[in-house]
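The file query-v7.cif comes next; it holds mmCIF, C-alpha atoms.
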```cif
data_start
#
loop_
_atom_site.label_atom_id
_atom_site.label_comp_id
_atom_site.auth_asym_id
_atom_site.auth_seq_id
_atom_site.Cartn_x
_atom_site.Cartn_y
_atom_site.Cartn_z
CA MET I 1 -50.17 2.38 20.02
CA ALA I 2 -47.74 4.84 21.61
CA GLY I 3 -44.89 2.36 21.40
CA ASP I 4 -45.56 1.29 17.83
CA ASP I 5 -43.28 2.59 15.13
CA ASP I 6 -44.62 4.45 12.14
CA SER I 7 -44.28 1.49 9.78
CA SER I 8 -46.42 -0.73 12.02
CA LEU I 9 -49.01 1.99 12.38
CA LEU I 10 -49.12 2.44 8.63
CA ARG I 11 -49.45 -1.31 8.07
CA GLY I 12 -52.23 -1.47 10.65
CA ALA I 13 -54.01 1.51 9.11
CA GLN I 14 -53.77 -0.06 5.66
CA HIS I 15 -55.34 -3.23 7.06
CA GLY I 16 -58.29 -1.27 8.40
CA HIS I 17 -57.31 -0.92 12.07
CA GLU I 18 -58.77 2.34 13.27
CA ASP I 19 -56.47 2.67 16.29
CA ALA I 20 -53.44 2.46 14.03
CA LEU I 21 -54.90 5.07 11.71
CA ARG I 22 -55.60 7.36 14.66
CA GLY I 23 -52.02 6.89 15.84
CA LEU I 24 -50.66 7.79 12.42
CA ILE I 25 -52.88 10.86 12.22
CA ASN I 26 -51.92 12.01 15.72
CA ARG I 27 -48.26 11.78 14.85
CA HIS I 28 -48.20 13.39 11.45
CA ALA I 29 -51.33 15.44 10.74
CA ALA I 30 -50.05 18.66 12.31
CA TYR I 31 -46.74 18.48 10.46
CA LEU I 32 -48.43 17.66 7.17
CA TYR I 33 -50.85 20.52 7.64
CA GLY I 34 -47.95 22.92 8.24
CA VAL I 35 -46.27 21.79 5.04
CA ALA I 36 -49.54 21.90 3.07
CA ARG I 37 -50.32 25.39 4.34
CA SER I 38 -46.83 26.55 3.34
CA LEU I 39 -47.24 25.02 -0.10
CA THR I 40 -50.68 26.36 -0.87
CA GLY I 41 -50.95 29.47 1.24
CA ASP I 42 -54.58 28.60 1.84
CA GLU I 43 -55.95 26.95 4.95
CA HIS I 44 -58.91 25.19 3.31
CA GLU I 45 -56.82 23.83 0.48
CA ALA I 46 -54.23 22.69 3.01
CA ASP I 47 -56.95 20.94 5.01
CA ASP I 48 -58.19 19.12 1.88
CA LEU I 49 -54.67 18.18 0.83
CA VAL I 50 -53.86 16.60 4.20
CA GLN I 51 -57.06 14.56 4.07
CA GLU I 52 -56.25 13.46 0.51
CA ALA I 53 -52.72 12.48 1.49
CA PHE I 54 -53.92 10.30 4.37
CA VAL I 55 -56.60 8.69 2.20
CA ALA I 56 -54.01 7.97 -0.51
CA SER I 57 -51.60 6.53 2.06
CA LEU I 58 -54.10 3.77 2.88
CA THR I 59 -53.66 2.20 -0.54
CA ALA I 60 -50.22 3.43 -1.63
CA LYS I 61 -47.17 1.17 -1.38
CA PHE I 62 -44.60 2.12 1.26
CA ARG I 63 -41.18 0.77 0.23
CA ALA I 64 -39.36 1.94 3.38
CA GLU I 65 -36.88 3.93 1.28
CA SER I 66 -37.51 6.91 3.56
CA SER I 67 -39.28 7.60 6.84
CA VAL I 68 -43.07 7.33 6.87
CA ARG I 69 -43.25 11.08 7.44
CA THR I 70 -41.16 11.86 4.36
CA TRP I 71 -43.25 9.40 2.36
CA LEU I 72 -46.45 11.12 3.52
CA VAL I 73 -45.02 14.53 2.64
CA ALA I 74 -44.06 13.19 -0.82
CA ILE I 75 -47.66 12.01 -1.33
CA LEU I 76 -48.94 15.39 -0.19
CA VAL I 77 -46.62 17.37 -2.47
CA ASN I 78 -47.45 15.07 -5.38
CA ARG I 79 -51.17 15.67 -4.80
CA SER I 80 -50.60 19.38 -4.54
CA ALA I 81 -48.72 19.39 -7.86
CA MET I 82 -51.49 17.34 -9.50
CA ARG I 83 -54.12 19.78 -8.29
CA ARG I 84 -52.08 22.71 -9.52
CA ARG I 85 -51.61 21.12 -12.96
CA SER I 86 -55.28 20.30 -13.36
CA SER I 87 -56.32 23.80 -12.31
CA LYS I 88 -53.74 25.19 -14.72
CA ARG I 89 -55.31 23.15 -17.54
CA MET I 90 -58.55 24.96 -16.81
CA THR I 91 -56.85 28.34 -17.17
CA ILE I 92 -54.95 27.70 -20.39
CA GLY I 93 -53.48 30.84 -21.82
CA LEU I 94 -52.30 32.29 -18.56
CA PRO I 95 -48.49 32.59 -18.23
CA ASP I 96 -46.53 29.86 -16.45
CA GLU I 97 -46.05 30.95 -12.86
CA ALA I 98 -42.65 29.30 -12.54
CA ASN I 99 -41.27 31.49 -15.30
CA GLN I 100 -42.49 34.68 -13.75
CA PRO I 101 -40.13 36.81 -11.69
CA ALA I 102 -40.68 36.80 -7.96
CA PRO I 103 -43.31 39.31 -6.89
CA PRO I 104 -41.83 42.62 -5.84
CA THR I 105 -40.83 42.50 -2.22
CA SER I 106 -40.84 45.31 0.26
CA GLU I 107 -38.08 45.75 2.81
CA PRO I 108 -35.60 42.89 3.19
CA ILE I 109 -36.54 40.69 6.14
CA LYS I 110 -34.48 41.29 9.28
CA ALA I 111 -32.64 38.45 11.00
CA ASP I 112 -34.62 38.81 14.22
CA ALA I 113 -37.97 38.52 12.41
CA LYS I 114 -39.77 35.38 13.50
CA LEU I 115 -41.23 33.93 10.35
CA ASP I 116 -43.07 30.68 9.88
CA LEU I 117 -42.45 28.50 6.84
CA ALA I 118 -45.52 29.75 4.99
CA HIS I 119 -44.26 33.35 5.24
CA MET I 120 -40.79 32.34 4.13
CA LEU I 121 -42.11 30.60 1.03
CA GLU I 122 -44.95 32.95 0.17
CA THR I 123 -43.15 34.85 -2.57
CA LEU I 124 -42.09 31.69 -4.38
CA SER I 125 -44.21 30.13 -7.09
CA PRO I 126 -45.92 26.83 -6.16
CA GLU I 127 -43.45 24.92 -8.37
CA PHE I 128 -40.54 26.39 -6.45
CA ARG I 129 -42.15 25.76 -3.07
CA GLU I 130 -42.57 22.08 -3.93
CA VAL I 131 -38.90 21.48 -4.67
CA VAL I 132 -37.78 23.55 -1.69
CA VAL I 133 -39.99 21.56 0.70
CA LEU I 134 -38.88 18.20 -0.66
CA ARG I 135 -35.18 19.11 -0.68
CA GLU I 136 -34.73 21.33 2.34
CA LEU I 137 -37.27 19.86 4.72
CA GLN I 138 -37.29 16.23 3.65
CA GLY I 139 -33.72 15.94 2.40
CA MET I 140 -34.80 14.15 -0.78
CA SER I 141 -32.32 13.70 -3.64
CA TYR I 142 -32.87 15.38 -7.01
CA GLU I 143 -33.79 11.99 -8.45
CA GLN I 144 -36.40 11.31 -5.75
CA ILE I 145 -37.88 14.78 -6.21
CA ALA I 146 -38.03 14.25 -9.97
CA LEU I 147 -39.93 10.99 -9.44
CA THR I 148 -42.28 12.50 -6.89
CA LEU I 149 -43.19 15.44 -9.09
CA ASN I 150 -42.91 13.60 -12.39
CA ILE I 151 -40.53 16.16 -13.87
CA PRO I 152 -36.99 15.81 -15.29
CA ARG I 153 -34.04 15.90 -12.91
CA GLY I 154 -32.64 18.98 -14.65
CA THR I 155 -35.89 20.83 -13.97
CA VAL I 156 -35.59 19.98 -10.27
CA GLU I 157 -32.07 21.38 -10.25
CA SER I 158 -32.95 24.62 -12.02
CA ARG I 159 -36.10 25.22 -9.97
CA LEU I 160 -34.18 24.68 -6.75
CA HIS I 161 -31.42 27.01 -7.86
CA ARG I 162 -33.82 29.77 -8.86
CA ALA I 163 -35.91 29.34 -5.73
CA ARG I 164 -32.83 29.78 -3.56
CA GLU I 165 -31.76 32.85 -5.50
CA GLN I 166 -35.18 34.38 -4.89
CA LEU I 167 -35.01 33.50 -1.20
CA LYS I 168 -31.54 35.05 -0.94
CA THR I 169 -32.81 38.27 -2.48
CA ARG I 170 -35.81 38.47 -0.22
CA PHE I 171 -34.00 37.50 2.96
CA LYS I 172 -30.76 39.31 2.26
CA GLY I 173 -30.08 40.59 5.75
CA TYR I 174 -31.77 37.63 7.36
CA PHE I 175 -29.47 34.98 5.92
CA ASP I 176 -26.33 37.10 6.24
CA ASP I 177 -26.81 37.22 10.00
CA VAL I 178 -27.96 33.68 10.60
CA MET J 179 -19.94 35.75 -9.61
CA CYS J 180 -17.64 32.72 -9.91
CA GLU J 181 -18.16 30.25 -12.74
CA HIS J 182 -18.36 27.43 -10.16
CA SER J 183 -21.29 28.97 -8.32
CA ASN J 184 -23.79 26.71 -10.12
CA GLN J 185 -22.00 23.65 -8.78
CA ILE J 186 -22.20 24.93 -5.21
CA HIS J 187 -25.91 24.00 -5.01
CA ALA J 188 -25.29 20.45 -6.19
CA TYR J 189 -22.32 20.19 -3.80
CA ARG J 190 -24.41 21.41 -0.88
CA ASP J 191 -27.15 18.89 -1.80
CA GLY J 192 -24.70 15.97 -2.05
CA GLU J 193 -25.36 15.52 -5.76
CA LEU J 194 -21.77 15.62 -7.06
CA ASN J 195 -19.76 12.49 -7.72
CA ALA J 196 -16.45 11.91 -5.89
CA GLY J 197 -14.29 13.49 -8.60
CA GLU J 198 -16.48 16.58 -8.96
CA ARG J 199 -16.61 16.95 -5.20
CA ALA J 200 -12.85 16.79 -4.81
CA ALA J 201 -12.35 19.34 -7.60
CA LEU J 202 -14.87 21.74 -6.09
CA GLU J 203 -13.40 21.40 -2.60
CA ALA J 204 -9.98 22.30 -4.02
CA HIS J 205 -11.57 25.35 -5.67
CA LEU J 206 -13.42 26.35 -2.50
CA ALA J 207 -10.15 26.57 -0.60
CA SER J 208 -9.16 29.56 -2.70
CA CYS J 209 -12.49 31.18 -3.77
CA GLU J 210 -14.08 33.57 -1.29
CA SER J 211 -17.14 34.10 -3.50
CA CYS J 212 -17.97 30.37 -3.56
CA LYS J 213 -17.31 30.05 0.17
CA HIS J 214 -19.78 32.87 0.79
CA GLU J 215 -22.34 31.25 -1.54
CA LEU J 216 -21.99 27.96 0.32
CA LYS J 217 -22.44 29.68 3.68
CA GLN J 218 -25.58 31.37 2.41
CA LEU J 219 -27.07 28.12 1.15
CA ALA J 220 -26.41 26.53 4.52
CA ALA J 221 -28.08 29.50 6.23
CA ILE J 222 -31.13 29.18 3.98
CA SER J 223 -31.44 25.49 4.81
CA ARG J 224 -31.09 26.11 8.53
CA SER J 225 -33.67 28.88 8.47
CA LEU J 226 -36.20 26.82 6.54
CA VAL J 227 -35.79 23.79 8.79
CA ALA J 228 -35.98 25.92 11.94
CA ALA J 229 -39.01 27.93 10.78
CA PRO J 230 -42.12 27.07 12.76
CA LEU J 231 -44.92 25.47 10.76
CA PRO J 232 -48.34 27.07 10.50
CA THR J 233 -50.78 25.44 12.87
CA PHE J 234 -54.36 24.43 12.22
CA SER J 235 -57.51 25.30 14.05
CA GLY J 236 -60.46 22.99 14.63
CA ASP J 237 -60.46 19.24 14.67
CA LEU J 238 -58.42 18.30 11.64
CA SER J 239 -57.74 14.80 12.99
CA ALA J 240 -61.46 13.99 13.10
CA ARG J 241 -61.90 15.26 9.54
CA ILE J 242 -59.01 13.14 8.30
CA LEU J 243 -60.35 10.06 10.09
CA GLU J 244 -63.79 10.60 8.60
CA ALA J 245 -62.34 11.09 5.09
CA CYS J 246 -60.38 7.84 5.43
CA LYS J 247 -63.46 5.94 6.62
CA ARG J 248 -65.51 7.35 3.75
CA ALA J 249 -62.86 6.33 1.22
CA ARG J 250 -62.66 2.84 2.69
CA ARG J 251 -66.45 2.42 2.59
CA ALA J 252 -66.51 3.58 -1.03
CA GLN J 253 -63.71 1.18 -1.91
CA GLU J 254 -65.44 -1.75 -0.19
CA GLY J 255 -68.76 -0.86 -1.82
CA GLY J 256 -67.09 -0.76 -5.22
CA THR J 257 -65.42 -4.13 -4.65
CA ARG J 258 -68.71 -5.71 -3.52
CA LYS J 259 -70.54 -4.32 -6.54
CA LEU J 260 -67.85 -5.62 -8.88
CA ALA J 261 -67.95 -9.04 -7.21
CA GLY J 262 -71.74 -9.08 -7.62
CA TRP J 263 -71.52 -8.26 -11.32
CA LEU J 264 -68.82 -10.84 -11.88
CA THR J 265 -70.86 -13.51 -10.09
CA ALA J 266 -73.95 -12.66 -12.15
CA ALA J 267 -71.95 -12.70 -15.38
CA ALA J 268 -70.36 -16.04 -14.46
CA SER J 269 -73.78 -17.55 -13.64
CA ILE J 270 -75.25 -16.46 -16.96
CA LEU J 271 -72.25 -17.84 -18.84
CA LEU J 272 -72.53 -21.14 -16.97
CA VAL J 273 -76.25 -21.52 -17.66
CA VAL J 274 -75.90 -20.62 -21.34
CA SER J 275 -72.96 -22.96 -21.88
CA MET J 276 -74.75 -25.84 -20.07
CA MET J 277 -77.81 -25.34 -22.25
CA ARG J 278 -75.72 -25.19 -25.39
CA VAL J 279 -73.90 -28.40 -24.52
CA SER J 280 -77.12 -30.25 -23.71
CA VAL J 281 -78.87 -29.06 -26.88
CA LEU J 282 -75.96 -30.16 -29.05
CA SER J 283 -75.64 -33.54 -27.31
CA ASP J 284 -79.40 -34.17 -27.66
CA ARG J 285 -79.17 -33.49 -31.39
CA THR J 286 -76.05 -35.52 -32.11
CA GLY J 287 -76.39 -38.51 -29.72
CA GLU J 288 -79.06 -41.15 -30.73
CA ASN J 289 -79.14 -42.75 -27.26
CA SER J 290 -79.13 -39.56 -25.31
CA ALA J 291 -82.94 -39.62 -25.04
CA PHE J 292 -82.72 -42.69 -22.79
CA THR J 293 -80.35 -41.07 -20.32
CA GLU J 294 -82.17 -37.96 -19.28
CA THR J 295 -80.38 -35.55 -17.04
CA PRO J 296 -81.92 -32.44 -15.47
CA THR J 297 -80.24 -30.31 -18.15
CA SER J 298 -81.53 -32.39 -21.02
CA VAL J 299 -85.03 -32.20 -19.56
CA ALA J 300 -84.70 -28.46 -19.20
CA SER J 301 -83.43 -28.05 -22.74
CA ARG J 302 -86.19 -30.28 -24.11
CA ASP J 303 -88.73 -28.00 -22.35
CA TRP J 304 -87.10 -24.99 -23.96
CA GLU J 305 -87.30 -26.62 -27.36
CA LEU J 306 -90.87 -27.63 -26.77
CA ALA J 307 -91.71 -24.04 -25.97
CA ALA J 308 -89.85 -22.89 -29.04
CA MET J 309 -91.88 -25.20 -31.30
CA MET J 310 -95.24 -24.25 -29.81
CA PRO J 311 -97.56 -22.63 -32.36
CA PRO J 312 -98.55 -19.05 -31.51
CA ALA J 313 -102.09 -20.02 -30.38
CA GLN J 314 -100.77 -22.54 -27.90
CA ALA J 315 -98.27 -20.00 -26.74
CA GLU J 316 -101.13 -17.59 -26.00
CA GLU J 317 -102.88 -20.26 -23.92
CA ALA J 318 -99.78 -20.81 -21.85
CA GLY J 319 -100.54 -17.44 -20.23
CA SER J 320 -99.43 -13.91 -20.92
CA GLY J 321 -96.71 -14.08 -18.26
CA SER J 322 -94.93 -16.87 -20.10
CA THR J 323 -95.17 -15.27 -23.58
CA ASP J 324 -91.88 -13.46 -23.16
CA LEU J 325 -90.22 -16.64 -21.94
CA ILE J 326 -91.54 -18.59 -24.90
CA GLN J 327 -90.39 -15.94 -27.33
CA LEU J 328 -86.95 -15.97 -25.73
CA ALA J 329 -86.91 -19.77 -25.99
CA GLN J 330 -87.82 -19.56 -29.66
CA TRP J 331 -84.99 -17.15 -30.35
CA MET J 332 -82.56 -19.34 -28.48
CA ALA J 333 -83.69 -22.52 -30.16
CA ARG J 334 -83.33 -20.84 -33.55
CA ASP J 335 -79.95 -19.53 -32.59
CA LEU J 336 -78.69 -22.86 -31.27
CA SER J 337 -80.21 -25.05 -33.95
CA PRO J 338 -77.54 -26.58 -36.27
CA ASP J 339 -80.09 -26.55 -39.15
CA GLU J 340 -80.62 -22.82 -38.87
CA ARG J 341 -76.92 -22.17 -39.06
CA ARG J 342 -76.53 -23.93 -42.35
#
```
Could you show the structure in this file as C-alpha cells?
Amino acid sequence: MAGDDDSSLLRGAQHGHEDALRGLINRHAAYLYGVARSLTGDEHEADDLVQEAFVASLTAKFRAESSVRTWLVAILVNRSAMRRRSSKRMTIGLPDEANQPAPPTSEPIKADAKLDLAHMLETLSPEFREVVVLRELQGMSYEQIALTLNIPRGTVESRLHRAREQLKTRFKGYFDDV
Amino acid sequence: MCEHSNQIHAYRDGELNAGERAALEAHLASCESCKHELKQLAAISRSLVAAPLPTFSGDLSARILEACKRARRAQEGGTRKLAGWLTAAASILLVVSMMRVSVLSDRTGENSAFTETPTSVASRDWELAAMMPPAQAEEAGSGSTDLIQLAQWMARDLSPDERR
C-alpha cells in the first residue's frame, strides 16, 4: 500500500478494501484532525468531524479536480459548516457570529511566538475560519469555496477579506516581521 | 488607505482577469500602501501554511476505521432490507396478477375448463372456498376460516358481475 497513490487508495477504500482504507487514514487522518481542531477549537468535535469526513468519503464522488487531501478537507469543512448551521437553527435569536466584531485581543502576538494553526485562528468566527482554511491552506478558488460551503461567491470574498483584516490586527507585529 | 486595497486580496488570490491584473500591477508600481498590503497578505499566508497543526492523542485511526466499518455495515444492511422488501412486493404482485388473469380467463373462455393449468386449478379452489356456505366454512377448520374469508373477499372483488 505504501507505493499506491491516494486516488488508488481512495478507490480501493470505496470498494471495501480495508488495507486501502487504512492506508488512506494513515496518510491523512493527522492532517485532517489538525484542520478540524483549528476549525472547531474542540478536540472531541474535531475527532467526530474527522470520522464523519472519512465515512462520507467512502460514498462521495471524487472528480480528481484537486488532490485527495484537498477533497477530504473540503468534505470536512462542509460537514463542519453543516453542523454549525444546524446547531445555529437550534439557537435561533442569537446574533450571527460572522457579523460580530472579533473578540477583544490582548497584546499583539510577537513574531517569535510559536503558534499552531488553532491558536492563530481562535479569534476568528467559525465562518471566517472555514474560508481561511480552504483558501490559505488548500489554495481553493473563490468559486470552489462557494460550492463547498454553499454560499455566494461574494460572501466568500467578503468573509476572506474581513478574516484577514482581523488577523492583521491581532498579529500586527508578527506579520510585519515575517 | 488606497481605493485599490480591496482588489489586492483578489489579486493575491489569483482571482482577477488579465486586464484587471495588468491595471493593478501598473498601480502597484507607484503605490506604497498597496505594496505594503500585498506584502502583509503574503506574510499571513506564509504564517498560516507554516503553522504547525494541533496533534491528537489516543488512537484516532482505529476510531475512524471502526466508524467506517459501522457505516458500511449499516449501508449494506439497509440495501439488503430494501432488496428483501422489493422481492416480497414483487412476489405479491406476481401472484395477484396471475390469479387475476386466470380468474378472468376462466370466466370468459368456454373451453378453458378442458385445459387446466396449475393456476386455473388454484383459482378454482379459491372460488370454491369463496362460494362455500358459512357452515361448511366452519367445518373446514378454524385455521382455514381466515383464508376462506380472504378468498371470499377476493372472489367478490375480482368477479365481473360484482363490478357491474
Checklist entry - Which chain J residues are at most 12 Å from chain I (counting only C-alpha atoms), as a PyMOL selection string? => result chain J and resi 183-194+214-254
Next on the checklist: Between CA of Ala60 (chain I) and CA of Arg129 (chain I), what distance in Å does the model show, to one decimal?
Outcome noted: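 Distance reported for this atom pair: 23.8 Å.
Across the model, the gap from CA of Ala163 (chain I) to CA of Glu127 (chain I) is 9.1 Å.
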Next on the checklist: Given the PyMOL selection byres ((chain I and resi 74) around 10) and the file above, list the residues it selects as a list in words.
Outcome noted: Ala53, Val68, Arg69, Thr70, Trp71, Leu72, Val73, Ile75, Leu76, Val77, Asn78, Arg79, Ser80, Glu130, Val133, Leu134, Gln138, Met140, Gln144, Ile145, Leu147, Thr148 and Leu149 of chain I
Checklist entry - Could you work out how far CA of Leu39 (chain I) lies from CA of Glu122 (chain I), giving the answer in Å with one decimal? => result 8.3 Å
Would you compute the box with edges along x, y and z of the file around region 126-142 of chain I, including every atom the file lists for it and 4 Å extra on each side, and give its centre and edge lengths in Å to one decimal, as JSON?
```
{"center_x": -39.1, "center_y": 20.3, "center_z": -1.8, "size_x": 21.6, "size_y": 21.1, "size_z": 21.1}
```
